[in-house]
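This report concerns only the one structure given below.
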Amino acid sequence: MVPANILSMMSSPIYEHSPERDVESGYASGSSSEAGLPDVFFSKPHLKFINQQLQKLEPEEILKWCLISLPSLYQTTAFGLTGLVTVDMLSKISGPVQSQVDLIFLDTLYHFSETLSLVDRVRRRYPHLNLHVYKPQGIETTEQFEAKYGPKLWETNDELYDWVAKVEPAQRAYAELQVKAVLTGRRRSQGGKRGDLDIIEVDEAGLIKVNPLANWSFKDVQKYIQDNDVPYNELLDRGYKSVGDWHSTQPIKEGEDERAGRWKGQAKTECGIHNKRSRYAQFLQEQEEKKKAEALSQALESGLRIEA
């Protein structure tokens, strides 16, 4: 008699009998003809174990592990120093493993001209790079952006600015490119919420985020850039250490955290793409409810005027 637990396993989709099962091993694998294999998934114990192991490795070794282990791998970058180190390290990985990782760049329309110039220099230095540029949906220029949302949206409604300029374009990129994992430029030494970063993280939607240089300091990154003659943003020679949009980035003083120049004087430490997705789902719901309330108020006001 077949035990109940075996019968239960055999009745699952993975173990369902098919013509191909007669010639396959009986196990689901990448070469199996069975459909419905899960995307990349880490249980909490597995994720903890992997982080414990990767913690001991150098960034180049972490990147090699990523290339072997993570399908649909991309790099998100605003061409900061850490991201540039990652680009250079990937360009030097040789051997049978595919080392080409496409880049995703979110053009908020408010980058410094020096940042956009750097993008061109990086493309010339690494001609095989494939760069995917995403802008706010349906918008190509700053003028179009401000015609739709008004001037200085980052001051009038910073949550909405983060959504339309960064979060929505990022989510659109992940969906269109079918991204399963991304390399980021975040490091623990950057402070704030990044102080306890793991090498591997998984967000609410199952997107795997890899922080290959999490253990490095700013000096480590800067030394690599200098030793390997990697192109970098000219603003770093003028007192900037972390560069984002021109309206929310300032040079820092001696002794300040390297991201102290971002959103100076505000409690804010992240631009949105590394915040929880549920935060923006709630924000959008609140925005929608606010619009409905305003529309209802206008309708009632119009009705009162007609009666008068």
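Residues in the structure tokens are numbered from 1 in each chain, the chains being A, B, ... in the order shown, and ligands are numbered from 1 in the order shown.
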
Who sits within 12 Å of A:Tyr149, only C-alpha atoms, same chain under 5 positions skipped, as a list in words: Pro136, Ile139, Thr142, Glu143, Gln144, Trp154, Glu155, Thr156, Asn157, Asp158, Leu160, Tyr161, Val164 and Ala165 of chain A

Run DSSP on the backbone and tell me which residues of stretch 85-287 of chain A come out as alpha helix (DSSP H); list them as a count of residues only. 68

For the atom pair atom CA of A:Asp102 and atom CA of A:Asp39, what is the interatomic distance in Å to one decimal place? 19.6 Å

Fewer than 2 positions away in the same chain doesn't count, so skip those; otherwise give me all residues within 12 Å of A:Ser69, counting only C-alpha atoms, as a list in words.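 Using only C-alpha atoms, the neighbours found are Val40, Phe41, Phe42, Ile50, Ile62, Leu63, Lys64, Trp65, Cys66, Leu67, Pro71, Ser72, Leu73, Val97, Gln98, Lys180, Ala181, Ile208 and Val210 of chain A.
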
Write out as a PyMOL selection string each polymer residue whose atoms come within 12 Å of A:Gly185, counting only C-alpha atoms; drop sequence neighbours fewer than 4 positions from it. chain A and resi 59+75-87+189-190+194+197+199+209-218+221+242+274

Create the file for the chosen residues now, containing N, CA, C and O atoms and written as a compact mmCIF listing (two decimals), in the first residue's frame.
# COMPACT_ATOMS: atom_id res chain seq x y z
N PRO A 59 33.85 41.47 -2.99
CA PRO A 59 32.80 41.83 -3.96
C PRO A 59 32.88 41.09 -5.28
O PRO A 59 31.85 40.67 -5.83
N GLN A 75 21.52 45.57 -13.10
CA GLN A 75 22.11 46.50 -12.15
C GLN A 75 21.36 47.82 -12.22
O GLN A 75 21.23 48.41 -13.29
N THR A 76 20.84 48.29 -11.08
CA THR A 76 20.23 49.62 -11.03
C THR A 76 21.32 50.59 -10.59
O THR A 76 22.06 50.31 -9.64
N THR A 77 21.43 51.72 -11.27
CA THR A 77 22.51 52.64 -10.94
C THR A 77 22.16 54.07 -11.30
O THR A 77 21.45 54.33 -12.28
N ALA A 78 22.64 55.00 -10.47
CA ALA A 78 22.60 56.42 -10.79
C ALA A 78 24.02 56.91 -11.07
O ALA A 78 24.31 58.08 -11.03
N PHE A 79 24.92 55.92 -11.31
CA PHE A 79 26.31 56.16 -11.64
C PHE A 79 27.07 56.83 -10.49
O PHE A 79 27.92 57.68 -10.69
N GLY A 80 26.73 56.39 -9.28
CA GLY A 80 27.51 56.76 -8.11
C GLY A 80 28.78 55.92 -8.06
O GLY A 80 28.95 54.97 -8.84
N LEU A 81 29.66 56.24 -7.14
CA LEU A 81 30.96 55.55 -7.09
C LEU A 81 30.83 54.03 -6.94
O LEU A 81 31.51 53.27 -7.62
N THR A 82 29.95 53.59 -6.03
CA THR A 82 29.84 52.16 -5.79
C THR A 82 29.32 51.43 -7.03
O THR A 82 29.83 50.36 -7.38
N GLY A 83 28.33 52.00 -7.69
CA GLY A 83 27.82 51.40 -8.92
C GLY A 83 28.88 51.32 -10.00
O GLY A 83 28.95 50.34 -10.76
N LEU A 84 29.74 52.33 -10.07
CA LEU A 84 30.81 52.35 -11.07
C LEU A 84 31.85 51.27 -10.78
O LEU A 84 32.39 50.65 -11.71
N VAL A 85 32.13 51.04 -9.50
CA VAL A 85 33.03 49.95 -9.13
C VAL A 85 32.45 48.62 -9.60
O VAL A 85 33.16 47.77 -10.17
N THR A 86 31.15 48.43 -9.38
CA THR A 86 30.49 47.19 -9.80
C THR A 86 30.58 47.01 -11.32
O THR A 86 30.88 45.91 -11.81
N VAL A 87 30.32 48.08 -12.06
CA VAL A 87 30.42 48.02 -13.53
C VAL A 87 31.83 47.59 -13.94
O VAL A 87 32.01 46.72 -14.81
N SER A 189 28.37 51.62 5.32
CA SER A 189 29.05 52.84 5.77
C SER A 189 28.33 54.11 5.34
O SER A 189 28.66 55.20 5.79
N GLN A 190 27.30 53.98 4.48
CA GLN A 190 26.54 55.15 4.07
C GLN A 190 25.60 55.63 5.16
O GLN A 190 25.03 56.71 5.07
N ARG A 194 20.77 52.19 5.97
CA ARG A 194 21.68 51.24 5.32
C ARG A 194 22.70 50.63 6.28
O ARG A 194 23.51 49.79 5.88
N LEU A 197 22.65 46.66 6.48
CA LEU A 197 22.38 45.94 5.23
C LEU A 197 22.93 44.52 5.22
O LEU A 197 24.05 44.28 5.69
N ILE A 199 23.96 41.31 2.48
CA ILE A 199 24.41 41.23 1.08
C ILE A 199 23.21 40.97 0.18
O ILE A 199 23.05 41.60 -0.87
N LYS A 209 17.49 41.82 -4.10
CA LYS A 209 18.42 42.95 -4.17
C LYS A 209 19.76 42.53 -3.59
O LYS A 209 19.84 42.04 -2.46
N VAL A 210 20.80 42.72 -4.39
CA VAL A 210 22.14 42.31 -3.98
C VAL A 210 22.99 43.55 -3.77
O VAL A 210 23.05 44.43 -4.64
N ASN A 211 23.64 43.61 -2.62
CA ASN A 211 24.51 44.73 -2.27
C ASN A 211 25.95 44.22 -2.20
O ASN A 211 26.48 43.96 -1.11
N PRO A 212 26.61 44.05 -3.35
CA PRO A 212 27.91 43.36 -3.37
C PRO A 212 29.02 44.09 -2.63
O PRO A 212 29.98 43.46 -2.18
N LEU A 213 28.91 45.40 -2.47
CA LEU A 213 29.94 46.17 -1.78
C LEU A 213 29.46 46.63 -0.40
O LEU A 213 29.96 47.62 0.13
N ALA A 214 28.51 45.92 0.16
CA ALA A 214 27.94 46.32 1.46
C ALA A 214 29.00 46.51 2.53
O ALA A 214 28.87 47.36 3.41
N ASN A 215 30.08 45.73 2.47
CA ASN A 215 31.11 45.77 3.50
C ASN A 215 32.15 46.87 3.30
O ASN A 215 32.96 47.12 4.19
N TRP A 216 32.15 47.51 2.14
CA TRP A 216 33.20 48.48 1.83
C TRP A 216 32.88 49.85 2.41
O TRP A 216 31.72 50.26 2.52
N SER A 217 33.94 50.59 2.73
CA SER A 217 33.82 51.98 3.15
C SER A 217 33.95 52.89 1.94
O SER A 217 34.31 52.45 0.84
N PHE A 218 33.69 54.19 2.15
CA PHE A 218 33.86 55.15 1.07
C PHE A 218 35.31 55.16 0.59
O PHE A 218 35.59 55.24 -0.61
N VAL A 221 36.04 52.27 -1.73
CA VAL A 221 35.47 52.52 -3.05
C VAL A 221 36.32 53.53 -3.81
O VAL A 221 36.65 53.34 -4.99
N SER A 242 27.72 61.75 -2.28
CA SER A 242 26.58 61.00 -2.80
C SER A 242 25.78 61.97 -3.67
O SER A 242 25.41 63.05 -3.22
N HIS A 274 14.11 52.19 -2.57
CA HIS A 274 14.51 51.20 -1.56
C HIS A 274 13.57 51.20 -0.36
O HIS A 274 13.86 50.56 0.65

Could you check how far atom CA of A:Phe112 sits from atom CA of A:Trp246, in Å to one decimal?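 Value for the atom CA of A:Phe112-atom CA of A:Trp246 distance: 5.4 Å.
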
Please identify which residues in stretch 20-220 of chain A DSSP calls strand (DSSP E) from the backbone, and express them as a VMD selection string. chain A and resid 73 to 76 102 to 106 131 to 134 181 to 183 200 to 202 208 to 210

Two-atom distance - atom CA of A:Arg121, atom CA of A:Asp237 (Å): 16.6 Å

Nearest residue to A:Asp88 out of A:Asn228, A:Ser297, A:Gln250, A:Gln222, using only C-alpha atoms?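 Selected residue with least distance to A:Asp88: A:Asn228.
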
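Of the listed residues A:Asp162, A:Glu140, A:Glu258, A:Asp245, the one whose atoms come nearest to A:Arg187 is A:Glu258, with distances taken using only C-alpha atoms.
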